[in-house]
Amino acid sequence: MYLIGYLLCLALGEIAAQVDEKCLSCLRQYEDGPIDSCYKSFGTNIACGVFHISKPFWVACGSIGYNWERCTQDEFCAGKCIQNFFRKFASRCAHQLKKPVSELTCADYVRLHHGPDGCSMSSSLRHSRAINNCMWQDNMFGKKK
């Protein structure tokens with residue numbers, strides 16, 4: 001009986017860890033990278049594509065797609081990688097922020113985008129503020145992105 005409850009909680013966490021298109025759109029705008037661009041990120045890592053995905057991030061999201069470079073340059077694959085990464089580390093982020101996974105916001109997920117421990121890093125707060133501005137403007141003016 002406890003196993004069923006545990007599995008149900010895991011399944012609900014997986015569902016709650018989905019990030020909507022509006023949030024992905026704000027993340028896309030914030031990262032503001034041409035789909036075929038790369039830059040140095042976090043010291044020695046190279047991050048590429050519209051979501052600035054590094055190779056370690058791509059490995060953590062499940063190494064989806066043909067390879068890292070192609071995935072970062074394919075918006076569908078890159079978006080799926082982002083979703084997989086968020087789903088994988090949502091409970092860690094929620095724990096760091098002392099709230100349930102179901103209460104994670106787009107701003108929380110953006111902090112997570114900067115690494116599995118991103119939610120606990122004060123340096124990631126500036127990223128979440130920028131996303132909150134995007135989400136607020138979208139709600140305020142009713143824009144579809």
# chains A, B, ... in the order shown; residues from 1 in each chain; ligands from 1
call {"tool": "select_by_dssp", "arguments": {"residues": "region 50-134 of chain A", "states": "alpha helix (DSSP H)", "output": "PyMOL selection string"}}
result
chain A and resi 55-60+68-73+75-97+106-112+125-134
call {"tool": "residues_around", "arguments": {"residues": "Pro100 (chain A)", "least_positions_apart": "4", "cutoff": "9 Å", "atoms": "only C-alpha atoms", "output": "PyMOL selection string"}}
result
chain A and resi 13+91+94-95+104
call {"tool": "write_last_selection", "arguments": {"atoms": "N, CA and C atoms", "output": "PDB file, in the first residue's frame"}}
result
ATOM      1  N   GLY A  13       4.609  14.262  -9.029  1.00  0.00           N
ATOM      2  CA  GLY A  13       5.769  15.142  -9.100  1.00  0.00           C
ATOM      3  C   GLY A  13       6.241  15.304 -10.525  1.00  0.00           C
ATOM      4  N   SER A  91      12.563  17.816  -7.763  1.00  0.00           N
ATOM      5  CA  SER A  91      12.428  17.535  -6.332  1.00  0.00           C
ATOM      6  C   SER A  91      13.618  18.093  -5.552  1.00  0.00           C
ATOM      7  N   ALA A  94      12.933  21.821  -5.271  1.00  0.00           N
ATOM      8  CA  ALA A  94      11.862  22.047  -4.297  1.00  0.00           C
ATOM      9  C   ALA A  94      12.392  21.886  -2.872  1.00  0.00           C
ATOM     10  N   HIS A  95      13.221  20.880  -2.658  1.00  0.00           N
ATOM     11  CA  HIS A  95      13.809  20.667  -1.340  1.00  0.00           C
ATOM     12  C   HIS A  95      14.678  21.862  -0.944  1.00  0.00           C
ATOM     13  N   LEU A 104       6.578  24.860  -7.505  1.00  0.00           N
ATOM     14  CA  LEU A 104       7.701  25.478  -8.211  1.00  0.00           C
ATOM     15  C   LEU A 104       7.158  26.380  -9.321  1.00  0.00           C
TER      16      LEU A 104
END
call {"tool": "closest_residue", "arguments": {"among": "A:Trp136, A:Glu103, A:Leu24, A:Ile131", "to": "Ala78 (chain A)", "atoms": "only C-alpha atoms"}}
result
A:Leu24
call {"tool": "residues_around", "arguments": {"residues": "Phe57 (chain A)", "least_positions_apart": "2", "cutoff": "12 Å", "atoms": "only C-alpha atoms", "output": "number ranges by chain"}}
result
A: 41-42, 45-48, 51-55, 59-64, 68, 71-72, 78, 81-86, 88-89, 112-116
call {"tool": "decode", "arguments": {"residues": "region 99-115 of chain A", "atoms": "all heavy atoms", "output": "mmCIF file, in the first residue's frame"}}
result
data_model
loop_
_atom_site.group_PDB
_atom_site.id
_atom_site.type_symbol
_atom_site.label_atom_id
_atom_site.label_comp_id
_atom_site.auth_asym_id
_atom_site.auth_seq_id
_atom_site.Cartn_x
_atom_site.Cartn_y
_atom_site.Cartn_z
ATOM 1 N N LYS A 99 9.759 23.857 -0.505
ATOM 2 C CA LYS A 99 8.372 23.863 -0.952
ATOM 3 C C LYS A 99 8.121 22.623 -1.788
ATOM 4 O O LYS A 99 9.060 21.994 -2.270
ATOM 5 C CB LYS A 99 8.036 25.130 -1.725
ATOM 6 C CG LYS A 99 8.835 25.389 -2.990
ATOM 7 C CD LYS A 99 8.219 26.582 -3.718
ATOM 8 C CE LYS A 99 9.185 27.551 -4.260
ATOM 9 N NZ LYS A 99 8.573 28.655 -4.983
ATOM 10 N N PRO A 100 6.848 22.243 -1.959
ATOM 11 C CA PRO A 100 6.546 21.060 -2.783
ATOM 12 C C PRO A 100 6.821 21.329 -4.266
ATOM 13 O O PRO A 100 6.768 22.481 -4.720
ATOM 14 C CB PRO A 100 5.054 20.823 -2.544
ATOM 15 C CG PRO A 100 4.540 21.947 -1.746
ATOM 16 C CD PRO A 100 5.665 22.814 -1.343
ATOM 17 N N VAL A 101 7.101 20.279 -5.001
ATOM 18 C CA VAL A 101 7.360 20.383 -6.440
ATOM 19 C C VAL A 101 6.199 21.090 -7.132
ATOM 20 O O VAL A 101 6.406 21.905 -8.030
ATOM 21 C CB VAL A 101 7.597 18.986 -7.058
ATOM 22 C CG1 VAL A 101 7.634 19.051 -8.572
ATOM 23 C CG2 VAL A 101 8.881 18.373 -6.522
ATOM 24 N N SER A 102 4.988 20.816 -6.700
ATOM 25 C CA SER A 102 3.808 21.411 -7.341
ATOM 26 C C SER A 102 3.765 22.930 -7.215
ATOM 27 O O SER A 102 3.036 23.592 -7.950
ATOM 28 C CB SER A 102 2.530 20.805 -6.772
ATOM 29 O OG SER A 102 2.442 21.092 -5.389
ATOM 30 N N GLU A 103 4.545 23.498 -6.303
ATOM 31 C CA GLU A 103 4.564 24.948 -6.118
ATOM 32 C C GLU A 103 5.760 25.629 -6.781
ATOM 33 O O GLU A 103 5.938 26.842 -6.650
ATOM 34 C CB GLU A 103 4.536 25.289 -4.628
ATOM 35 C CG GLU A 103 3.214 24.959 -3.981
ATOM 36 C CD GLU A 103 3.179 25.315 -2.498
ATOM 37 O OE1 GLU A 103 4.063 26.050 -2.019
ATOM 38 O OE2 GLU A 103 2.255 24.835 -1.818
ATOM 39 N N LEU A 104 6.578 24.860 -7.505
ATOM 40 C CA LEU A 104 7.701 25.478 -8.211
ATOM 41 C C LEU A 104 7.158 26.380 -9.321
ATOM 42 O O LEU A 104 6.200 26.031 -10.005
ATOM 43 C CB LEU A 104 8.618 24.417 -8.821
ATOM 44 C CG LEU A 104 9.458 23.603 -7.835
ATOM 45 C CD1 LEU A 104 10.241 22.520 -8.575
ATOM 46 C CD2 LEU A 104 10.387 24.481 -7.023
ATOM 47 N N THR A 105 7.771 27.523 -9.462
ATOM 48 C CA THR A 105 7.351 28.492 -10.478
ATOM 49 C C THR A 105 8.333 28.471 -11.647
ATOM 50 O O THR A 105 9.400 27.859 -11.564
ATOM 51 C CB THR A 105 7.331 29.914 -9.891
ATOM 52 O OG1 THR A 105 8.679 30.271 -9.546
ATOM 53 C CG2 THR A 105 6.431 30.004 -8.665
ATOM 54 N N CYS A 106 7.981 29.175 -12.687
ATOM 55 C CA CYS A 106 8.886 29.299 -13.822
ATOM 56 C C CYS A 106 10.226 29.885 -13.361
ATOM 57 O O CYS A 106 11.287 29.432 -13.778
ATOM 58 C CB CYS A 106 8.252 30.189 -14.889
ATOM 59 S SG CYS A 106 9.261 30.352 -16.375
ATOM 60 N N ALA A 107 10.178 30.870 -12.481
ATOM 61 C CA ALA A 107 11.409 31.486 -11.972
ATOM 62 C C ALA A 107 12.273 30.461 -11.233
ATOM 63 O O ALA A 107 13.506 30.501 -11.327
ATOM 64 C CB ALA A 107 11.067 32.657 -11.057
ATOM 65 N N ASP A 108 11.646 29.540 -10.513
ATOM 66 C CA ASP A 108 12.400 28.485 -9.826
ATOM 67 C C ASP A 108 13.082 27.574 -10.849
ATOM 68 O O ASP A 108 14.242 27.216 -10.695
ATOM 69 C CB ASP A 108 11.480 27.647 -8.930
ATOM 70 C CG ASP A 108 10.846 28.451 -7.806
ATOM 71 O OD1 ASP A 108 11.459 29.425 -7.334
ATOM 72 O OD2 ASP A 108 9.713 28.099 -7.412
ATOM 73 N N TYR A 109 12.341 27.214 -11.884
ATOM 74 C CA TYR A 109 12.914 26.339 -12.912
ATOM 75 C C TYR A 109 14.077 27.010 -13.638
ATOM 76 O O TYR A 109 15.047 26.366 -14.010
ATOM 77 C CB TYR A 109 11.847 25.882 -13.901
ATOM 78 C CG TYR A 109 10.974 24.787 -13.336
ATOM 79 C CD1 TYR A 109 9.644 25.015 -13.024
ATOM 80 C CD2 TYR A 109 11.501 23.522 -13.101
ATOM 81 C CE1 TYR A 109 8.853 24.003 -12.497
ATOM 82 C CE2 TYR A 109 10.712 22.509 -12.578
ATOM 83 C CZ TYR A 109 9.397 22.758 -12.276
ATOM 84 O OH TYR A 109 8.627 21.754 -11.756
ATOM 85 N N VAL A 110 13.978 28.302 -13.824
ATOM 86 C CA VAL A 110 15.071 29.020 -14.478
ATOM 87 C C VAL A 110 16.324 28.976 -13.609
ATOM 88 O O VAL A 110 17.440 28.837 -14.108
ATOM 89 C CB VAL A 110 14.657 30.466 -14.810
ATOM 90 C CG1 VAL A 110 15.842 31.308 -15.223
ATOM 91 C CG2 VAL A 110 13.617 30.429 -15.914
ATOM 92 N N ARG A 111 16.153 29.061 -12.309
ATOM 93 C CA ARG A 111 17.300 28.915 -11.406
ATOM 94 C C ARG A 111 17.889 27.513 -11.562
ATOM 95 O O ARG A 111 19.096 27.339 -11.573
ATOM 96 C CB ARG A 111 16.883 29.163 -9.954
ATOM 97 C CG ARG A 111 16.495 30.609 -9.698
ATOM 98 C CD ARG A 111 16.082 30.832 -8.279
ATOM 99 N NE ARG A 111 17.261 30.794 -7.412
ATOM 100 C CZ ARG A 111 17.210 30.875 -6.098
ATOM 101 N NH1 ARG A 111 16.049 31.002 -5.486
ATOM 102 N NH2 ARG A 111 18.311 30.828 -5.378
ATOM 103 N N LEU A 112 17.035 26.539 -11.717
ATOM 104 C CA LEU A 112 17.471 25.155 -11.905
ATOM 105 C C LEU A 112 18.215 24.987 -13.228
ATOM 106 O O LEU A 112 19.126 24.173 -13.329
ATOM 107 C CB LEU A 112 16.252 24.225 -11.840
ATOM 108 C CG LEU A 112 16.469 22.730 -11.936
ATOM 109 C CD1 LEU A 112 17.411 22.251 -10.834
ATOM 110 C CD2 LEU A 112 15.131 22.009 -11.835
ATOM 111 N N HIS A 113 17.870 25.779 -14.225
ATOM 112 C CA HIS A 113 18.532 25.726 -15.532
ATOM 113 C C HIS A 113 20.039 25.963 -15.401
ATOM 114 O O HIS A 113 20.814 25.530 -16.229
ATOM 115 C CB HIS A 113 17.907 26.761 -16.464
ATOM 116 C CG HIS A 113 18.507 26.798 -17.834
ATOM 117 N ND1 HIS A 113 19.280 27.838 -18.262
ATOM 118 C CD2 HIS A 113 18.447 25.918 -18.858
ATOM 119 C CE1 HIS A 113 19.675 27.598 -19.511
ATOM 120 N NE2 HIS A 113 19.181 26.449 -19.899
ATOM 121 N N HIS A 114 20.442 26.615 -14.339
ATOM 122 C CA HIS A 114 21.856 26.925 -14.139
ATOM 123 C C HIS A 114 22.563 25.869 -13.301
ATOM 124 O O HIS A 114 23.620 26.131 -12.731
ATOM 125 C CB HIS A 114 21.997 28.336 -13.569
ATOM 126 C CG HIS A 114 21.550 29.344 -14.571
ATOM 127 N ND1 HIS A 114 22.354 29.815 -15.569
ATOM 128 C CD2 HIS A 114 20.333 29.893 -14.801
ATOM 129 C CE1 HIS A 114 21.679 30.629 -16.344
ATOM 130 N NE2 HIS A 114 20.446 30.691 -15.902
ATOM 131 N N GLY A 115 22.006 24.670 -13.257
ATOM 132 C CA GLY A 115 22.639 23.530 -12.613
ATOM 133 C C GLY A 115 21.747 22.892 -11.572
ATOM 134 O O GLY A 115 20.833 23.533 -11.062
#
